[in-house]
$ cat start17.tsv   # TSV, C-alpha atoms
chain	number	residue	atom	x	y	z
A	906	MET	CA	86.80	122.48	91.03
A	907	GLU	CA	88.41	125.78	91.94
A	908	ILE	CA	91.85	126.97	90.95
A	909	ALA	CA	93.56	129.90	92.63
A	910	VAL	CA	96.83	131.05	91.13
A	911	THR	CA	99.21	133.14	93.21
A	912	ASN	CA	102.67	134.37	92.40
A	913	GLU	CA	105.33	134.82	95.04
A	914	THR	CA	108.51	136.30	93.62
A	915	ASP	CA	109.35	133.92	90.78
A	916	ILE	CA	107.26	130.99	92.08
A	917	SER	CA	103.70	130.36	90.86
A	918	ILE	CA	101.35	128.37	93.05
A	919	PHE	CA	98.27	126.64	91.63
A	920	ALA	CA	95.96	125.80	94.53
A	921	ILE	CA	93.52	123.22	93.16
A	922	LYS	CA	90.38	122.45	95.14
A	923	GLY	CA	87.60	119.92	94.68
A	924	ARG	CA	87.53	117.27	91.96
A	925	LEU	CA	90.03	116.89	89.17
A	926	ASP	CA	88.32	114.49	86.79
A	927	ALA	CA	87.53	114.06	83.10
A	928	VAL	CA	84.82	116.74	83.33
A	929	THR	CA	86.76	119.40	85.22
A	930	VAL	CA	90.28	118.89	83.85
A	931	PRO	CA	89.86	121.19	80.79
A	932	GLU	CA	89.60	124.16	83.21
A	933	LEU	CA	92.99	123.36	84.69
A	934	GLU	CA	94.47	122.81	81.24
A	935	GLN	CA	93.24	126.20	80.14
A	936	GLN	CA	94.83	127.93	83.15
A	937	LEU	CA	98.07	126.05	82.63
A	938	ASN	CA	98.21	126.87	78.93
A	939	GLN	CA	97.86	130.52	79.86
A	940	TRP	CA	100.65	130.17	82.43
A	941	PHE	CA	102.93	128.48	79.91
A	942	GLU	CA	102.54	131.47	77.60
A	943	GLY	CA	104.66	133.30	80.19
A	944	THR	CA	108.26	132.53	80.97
A	945	GLY	CA	107.83	131.18	84.52
A	946	LYS	CA	110.14	128.36	85.52
A	947	LYS	CA	108.87	127.50	88.99
A	948	LEU	CA	105.47	125.96	89.59
A	949	ILE	CA	103.89	124.39	92.67
A	950	PHE	CA	100.62	122.44	92.71
A	951	ASP	CA	99.11	122.97	96.16
A	952	LEU	CA	96.70	120.05	96.58
A	953	GLU	CA	95.51	120.64	100.13
A	954	GLY	CA	91.94	121.12	98.92
A	955	LEU	CA	91.98	118.43	96.24
A	956	ASP	CA	89.46	115.71	97.10
A	957	TYR	CA	89.76	113.52	94.05
A	958	ILE	CA	91.95	112.88	91.02
A	959	SER	CA	91.51	110.40	88.17
A	960	SER	CA	93.70	109.47	85.19
A	961	ALA	CA	92.42	112.57	83.38
A	962	GLY	CA	94.08	114.69	86.09
A	963	LEU	CA	97.23	112.56	86.00
A	964	ARG	CA	97.44	113.15	82.25
A	965	THR	CA	97.57	116.91	82.81
A	966	PHE	CA	100.17	116.58	85.58
A	967	LEU	CA	102.34	114.45	83.29
A	968	SER	CA	102.16	116.86	80.37
A	969	THR	CA	102.93	119.75	82.75
A	970	ALA	CA	105.97	117.91	84.10
A	971	LYS	CA	107.18	117.29	80.53
A	972	LYS	CA	106.70	120.93	79.56
A	973	MET	CA	108.53	122.13	82.68
A	974	LYS	CA	111.42	119.84	81.91
A	975	ALA	CA	111.55	121.16	78.35
A	976	ARG	CA	111.97	124.73	79.64
A	977	ASP	CA	114.42	123.63	82.32
A	978	GLY	CA	111.99	124.59	85.06
A	979	LYS	CA	110.97	123.14	88.40
A	980	LEU	CA	107.64	121.55	89.26
A	981	CYS	CA	106.52	120.05	92.54
A	982	MET	CA	103.36	119.39	94.49
A	983	THR	CA	102.45	119.70	98.13
A	984	ARG	CA	99.91	118.71	100.78
A	985	LEU	CA	98.44	115.66	99.04
A	986	ARG	CA	95.55	113.99	100.83
A	987	ASP	CA	95.87	110.27	101.47
A	988	ASN	CA	93.49	109.14	98.72
A	989	VAL	CA	95.10	111.48	96.18
A	990	LYS	CA	98.54	110.26	97.23
A	991	ASP	CA	97.34	106.66	96.70
A	992	VAL	CA	96.54	107.43	93.06
A	993	PHE	CA	99.98	108.99	92.57
A	994	THR	CA	101.64	106.03	94.24
A	995	ILE	CA	99.77	103.30	92.36
A	996	SER	CA	100.31	105.02	89.01
A	997	GLY	CA	104.02	105.55	89.72
A	998	PHE	CA	103.59	109.30	89.20
A	999	ILE	CA	104.91	109.94	92.68
A	1000	ALA	CA	108.39	109.26	91.26
A	1001	LEU	CA	107.92	111.79	88.44
A	1002	ILE	CA	106.86	114.89	90.38
A	1003	PRO	CA	108.44	115.66	93.77
A	1004	ALA	CA	105.87	115.83	96.59
A	1005	PHE	CA	106.28	117.75	99.85
A	1006	ASP	CA	104.28	117.66	103.07
A	1007	THR	CA	104.26	121.42	103.57
A	1008	LEU	CA	104.03	124.43	101.28
A	1009	GLY	CA	107.16	125.84	102.92
A	1010	ALA	CA	109.17	122.75	102.03
A	1011	ALA	CA	107.86	122.93	98.46
A	1012	GLN	CA	108.91	126.57	98.21
A	1013	ASP	CA	112.33	125.81	99.70
A	1014	SER	CA	112.88	123.14	97.04
A	1015	MET	CA	112.46	125.79	94.36
A	1016	ARG	CA	115.20	128.04	95.64
B	493	MET	CA	69.74	95.07	90.18
B	494	LEU	CA	69.44	98.85	90.22
B	495	ILE	CA	69.97	100.35	86.80
B	496	LYS	CA	70.58	103.84	85.52
B	497	LYS	CA	70.72	104.64	81.81
B	498	MET	CA	72.14	107.83	80.38
B	499	PRO	CA	73.63	109.24	77.16
B	500	ALA	CA	77.21	108.00	76.76
B	501	ARG	CA	78.82	111.40	77.05
B	502	MET	CA	80.98	113.31	79.49
B	503	GLU	CA	78.03	115.39	80.73
B	504	SER	CA	76.57	112.23	82.28
B	505	LEU	CA	79.65	111.44	84.34
B	506	HIS	CA	78.89	113.20	87.61
B	507	GLU	CA	75.30	111.98	87.79
B	508	LEU	CA	76.35	108.37	87.14
B	509	LEU	CA	79.13	108.57	89.71
B	510	THR	CA	76.72	109.97	92.30
B	511	PHE	CA	74.35	107.08	91.58
B	512	ILE	CA	77.15	104.54	92.06
B	513	ARG	CA	78.49	106.26	95.19
B	514	ASN	CA	75.03	106.26	96.77
B	515	GLU	CA	74.52	102.57	96.04
B	516	ALA	CA	77.93	101.75	97.52
B	517	LYS	CA	77.22	103.93	100.53
B	518	LYS	CA	73.97	102.04	101.22
B	519	ARG	CA	76.08	98.89	101.42
B	520	GLY	CA	78.26	100.44	104.11
B	521	PHE	CA	81.52	100.96	102.24
B	522	SER	CA	84.01	103.22	104.02
B	523	GLU	CA	84.82	106.67	102.65
B	524	SER	CA	88.21	105.56	101.37
B	525	LEU	CA	86.65	102.59	99.53
B	526	LEU	CA	83.91	104.85	98.16
B	527	GLN	CA	86.59	107.03	96.62
B	528	ARG	CA	88.26	104.03	95.01
B	529	ILE	CA	84.94	102.80	93.65
B	530	GLU	CA	84.24	106.23	92.22
B	531	LEU	CA	87.66	106.42	90.58
B	532	VAL	CA	87.38	102.98	88.99
B	533	ALA	CA	83.84	103.75	87.78
B	534	GLU	CA	85.01	107.03	86.24
B	535	GLU	CA	87.82	105.32	84.36
B	536	ALA	CA	85.47	102.66	82.97
B	537	LEU	CA	82.75	105.17	82.04
B	538	VAL	CA	85.14	107.61	80.38
B	539	ASN	CA	86.46	104.73	78.27
B	540	VAL	CA	82.95	104.15	76.98
B	541	PHE	CA	82.33	107.88	76.42
B	542	VAL	CA	85.55	108.33	74.47
B	543	HIS	CA	85.94	105.04	72.61
B	544	GLY	CA	82.53	103.36	72.70
B	545	TYR	CA	80.58	105.28	70.12
B	546	THR	CA	82.82	106.94	67.62
B	547	HIS	CA	81.00	109.58	65.58
B	548	LYS	CA	77.53	108.67	66.83
B	549	ASP	CA	75.42	109.03	69.94
B	550	GLY	CA	74.74	106.11	72.20
B	551	GLU	CA	73.76	105.16	75.69
B	552	VAL	CA	75.47	103.67	78.66
B	553	GLU	CA	73.77	101.63	81.32
B	554	VAL	CA	75.10	101.28	84.84
B	555	GLY	CA	73.86	98.46	87.02
B	556	CYS	CA	74.60	97.88	90.68
B	557	LEU	CA	74.24	94.22	91.58
B	558	ILE	CA	72.91	93.29	94.95
B	559	SER	CA	74.30	90.17	96.51
B	560	ASP	CA	74.34	88.61	99.95
B	561	ASP	CA	78.07	88.69	100.35
B	562	PRO	CA	79.55	92.02	101.44
B	563	ALA	CA	80.44	93.07	97.92
B	564	LEU	CA	79.29	95.47	95.26
B	565	THR	CA	79.40	94.61	91.58
B	566	ILE	CA	79.00	97.41	89.08
B	567	GLU	CA	78.14	96.51	85.49
B	568	ILE	CA	78.65	98.98	82.69
B	569	ARG	CA	76.94	98.18	79.39
B	570	ASP	CA	77.13	99.88	76.04
B	571	LYS	CA	76.26	99.00	72.47
B	572	GLY	CA	79.36	100.58	71.00
B	573	VAL	CA	82.17	98.94	69.09
B	574	SER	CA	83.36	95.66	70.53
B	575	PHE	CA	86.20	96.44	72.88
B	576	ASP	CA	87.76	94.59	75.80
B	577	PRO	CA	89.59	97.13	77.99
B	578	LEU	CA	91.37	94.26	79.72
B	579	SER	CA	93.13	93.44	76.44
B	580	LEU	CA	95.28	96.56	76.89
B	581	ALA	CA	98.82	96.01	78.10
B	582	ASP	CA	99.80	97.67	81.37
B	583	PRO	CA	101.75	100.91	81.01
B	584	ASP	CA	105.34	100.92	82.20
B	585	VAL	CA	104.88	102.58	85.59
B	586	GLN	CA	108.64	102.54	86.21
B	587	ALA	CA	109.43	104.63	83.13
B	588	ASP	CA	111.10	107.98	83.75
B	589	LEU	CA	109.54	111.29	82.76
B	590	ALA	CA	110.87	111.35	79.20
B	591	ASP	CA	109.52	107.88	78.39
B	592	ARG	CA	106.38	108.00	80.45
B	593	LYS	CA	103.11	107.68	78.53
B	594	ILE	CA	99.60	108.23	79.81
B	595	GLY	CA	97.87	105.66	77.59
B	596	GLY	CA	96.39	102.73	79.44
B	597	MET	CA	96.59	104.44	82.84
B	598	GLY	CA	92.82	104.38	83.34
B	599	VAL	CA	92.60	100.63	82.81
B	600	PHE	CA	95.71	100.13	84.94
B	601	LEU	CA	94.02	101.96	87.86
B	602	ILE	CA	90.88	99.83	87.34
B	603	ARG	CA	92.92	96.62	87.59
B	604	LYS	CA	94.79	97.80	90.67
B	605	MET	CA	91.84	99.20	92.59
B	606	ALA	CA	88.97	96.81	91.90
B	607	ASP	CA	88.95	93.37	93.52
B	608	ARG	CA	87.65	91.64	90.39
B	609	VAL	CA	87.11	92.83	86.84
B	610	ALA	CA	85.62	91.03	83.86
B	611	TYR	CA	84.59	91.81	80.31
B	612	ARG	CA	82.14	90.01	78.06
B	613	ARG	CA	80.47	90.71	74.74
B	614	GLU	CA	76.85	89.64	74.76
B	615	GLY	CA	74.15	90.32	72.18
B	616	GLY	CA	75.84	93.40	70.74
B	617	ASN	CA	76.69	94.76	74.20
B	618	ASN	CA	80.02	95.40	75.84
B	619	ILE	CA	79.61	94.42	79.47
B	620	PHE	CA	82.32	95.41	81.87
B	621	SER	CA	81.92	94.39	85.48
B	622	MET	CA	83.89	95.47	88.53
B	623	THR	CA	83.53	93.97	91.97
B	624	PHE	CA	84.56	95.56	95.25
B	625	LEU	CA	84.70	93.66	98.51
B	626	ASN	CA	83.64	95.50	101.62
B	627	ARG	CA	86.39	94.98	104.17
$ encode --input "start17.tsv" --output "structure tokens"
Amino acid sequence: MEIAVTNETDISIFAIKGRLDAVTVPELEQQLNQWFEGTGKKLIFDLEGLDYISSAGLRTFLSTAKKMKARDGKLCMTRLRDNVKDVFTISGFIALIPAFDTLGAAQDSMR
Amino acid sequence: MLIKKMPARMESLHELLTFIRNEAKKRGFSESLLQRIELVAEEALVNVFVHGYTHKDGEVEVGCLISDDPALTIEIRDKGVSFDPLSLADPDVQADLADRKIGGMGVFLIRKMADRVAYRREGGNNIFSMTFLNR
């Protein structure tokens, strides 16, 4: 798994590539914990390169959504592949974190 | 039946999943079904790694059953504490963010994505089997 974090004005984008599973998820958690030490309120998960997600990944997405809510921030995700979207749909998580087809639409939702 | 045995720990996950994926691939499962099989297998294996052997080392055995019908059955065996994952209640997938809990999500995904699942305790082993139809 690879994570690239970019900041555009007040929006942070986590581009997550590869596999988000029980083995790789601690890396993402570490990066997120670091991000939460700051005061950012806008976060986008760009999942264009994400091949695979399991419940371990969902767990991190859920805790991130809860933390963002606690700081009155905004979280969304974009460019989910079909199989990743399936996991979000079946688990009901698709109703918890807004998902957008394009990065532009995700950014617009933050403004 | 093709069997692979490894230490029941997270470091074994990728190798076991590759083994399962290759066996499923040989049986002609599509890429989207392969991904489902992999996901279900991960959830079942991680359950064993995390809950199977508390405070001691153990092993997990993965078997891929060959049958004539276009299906793949994966059996996961461990000698850990007796535990039936199917005894867990489904999580409330309609709950809103504040009430949403992650517990039980792995088993929920297993139930939703495998065509058949079964658990049995046999001779000190937990045996969890998952069947996928090739369609």
$ residues_around --input "start17.tsv" --residues "Val992 (chain A)" --least-positions-apart "2" --cutoff "10 Å" --atoms "only C-alpha atoms" --output "mmCIF file with C-alpha atoms, in the coordinates of the input"
data_model
loop_
_atom_site.group_PDB
_atom_site.id
_atom_site.type_symbol
_atom_site.label_atom_id
_atom_site.label_comp_id
_atom_site.auth_asym_id
_atom_site.auth_seq_id
_atom_site.Cartn_x
_atom_site.Cartn_y
_atom_site.Cartn_z
ATOM 1 C CA TYR A 957 89.760 113.520 94.050
ATOM 2 C CA ILE A 958 91.950 112.880 91.020
ATOM 3 C CA SER A 959 91.510 110.400 88.170
ATOM 4 C CA SER A 960 93.700 109.470 85.190
ATOM 5 C CA LEU A 963 97.230 112.560 86.000
ATOM 6 C CA ASP A 987 95.870 110.270 101.470
ATOM 7 C CA ASN A 988 93.490 109.140 98.720
ATOM 8 C CA VAL A 989 95.100 111.480 96.180
ATOM 9 C CA LYS A 990 98.540 110.260 97.230
ATOM 10 C CA THR A 994 101.640 106.030 94.240
ATOM 11 C CA ILE A 995 99.770 103.300 92.360
ATOM 12 C CA SER A 996 100.310 105.020 89.010
ATOM 13 C CA GLY A 997 104.020 105.550 89.720
ATOM 14 C CA PHE A 998 103.590 109.300 89.200
ATOM 15 C CA ILE A 999 104.910 109.940 92.680
ATOM 16 C CA ARG B 528 88.260 104.030 95.010
ATOM 17 C CA LEU B 531 87.660 106.420 90.580
ATOM 18 C CA LEU B 601 94.020 101.960 87.860
ATOM 19 C CA MET B 605 91.840 99.200 92.590
#
$ interface_residues --input "start17.tsv" --of "chain B" --to "chain A" --cutoff "6 Å" --atoms "all atoms listed in the file" --output "MDAnalysis selection string"
chainID B and resid 585 589 594 598
$ axis_aligned_box --input "start17.tsv" --around "region 593-612 of chain B" --padding-each-side "4 Å" --output "lines of an AutoDock Vina configuration file"
center_x = 92.6
center_y = 99.1
center_z = 85.6
size_x = 29.0
size_y = 26.2
size_z = 23.9
$ atom_distance --input "start17.tsv" --atom1 "CA of Phe919 (chain A)" --atom2 "CA of Lys947 (chain A)"
11.0 Å
$ residues_near_point --input "start17.tsv" --point "(67.5, 110.1, 78.3)" --cutoff "12 Å" --atoms "only C-alpha atoms" --output "PyMOL selection string"
chain B and resi 496-501+504+549-553
$ closest_residue --input "start17.tsv" --among "A:Arg1016, A:Met906, A:Glu913, A:Leu1008" --to "Pro931 (chain A)" --atoms "all atoms listed in the file"
A:Met906
$ atom_distance --input "start17.tsv" --atom1 "CA of Asn626 (chain B)" --atom2 "CA of Gly520 (chain B)"
7.7 Å
$ atom_distance --input "start17.tsv" --atom1 "CA of Asp588 (chain B)" --atom2 "CA of Thr1007 (chain A)"
24.9 Å
$ closest_residue --input "start17.tsv" --among "B:Arg627, B:Arg513, B:Arg603, B:Arg613" --to "Ala581 (chain B)" --atoms "all atoms listed in the file"
B:Arg603
$ closest_residue --input "start17.tsv" --among "A:Met1015, A:Leu955, A:Val910, A:Cys981" --to "Gln939 (chain A)" --atoms "all atoms listed in the file"
A:Val910
$ residues_around --input "start17.tsv" --residues "Ala533 (chain B)" --least-positions-apart "6" --cutoff "10 Å" --atoms "all atoms listed in the file" --output "list of chain:residue names"
B:Leu505, B:Leu508, B:Leu509, B:Ile512, B:Arg513, B:Gln527, B:Asn539, B:Val554, B:Ile566, B:Glu567, B:Ile568, B:Ile602, B:Ala606, B:Ser621, B:Met622
$ residues_near_point --input "start17.tsv" --point "(98.7, 99.8, 79.3)" --cutoff "8 Å" --atoms "all atoms listed in the file" --output "list in words"
Leu580, Ala581, Asp582, Pro583, Asp584, Gly595, Gly596, Met597, Val599 and Phe600 of chain B
$ closest_residue --input "start17.tsv" --among "A:Asp1013, A:Leu937, A:Arg976, A:Gly954" --to "Glu907 (chain A)" --atoms "only C-alpha atoms"
A:Gly954
$ closest_residue --input "start17.tsv" --among "A:Arg986, A:Met973, A:Ser1014, A:Phe1005" --to "Asn938 (chain A)" --atoms "all atoms listed in the file"
A:Met973
$ closest_residue --input "start17.tsv" --among "A:Pro1003, A:Gly978, A:Gly962, A:Gly1009" --to "Leu933 (chain A)" --atoms "all atoms listed in the file"
A:Gly962
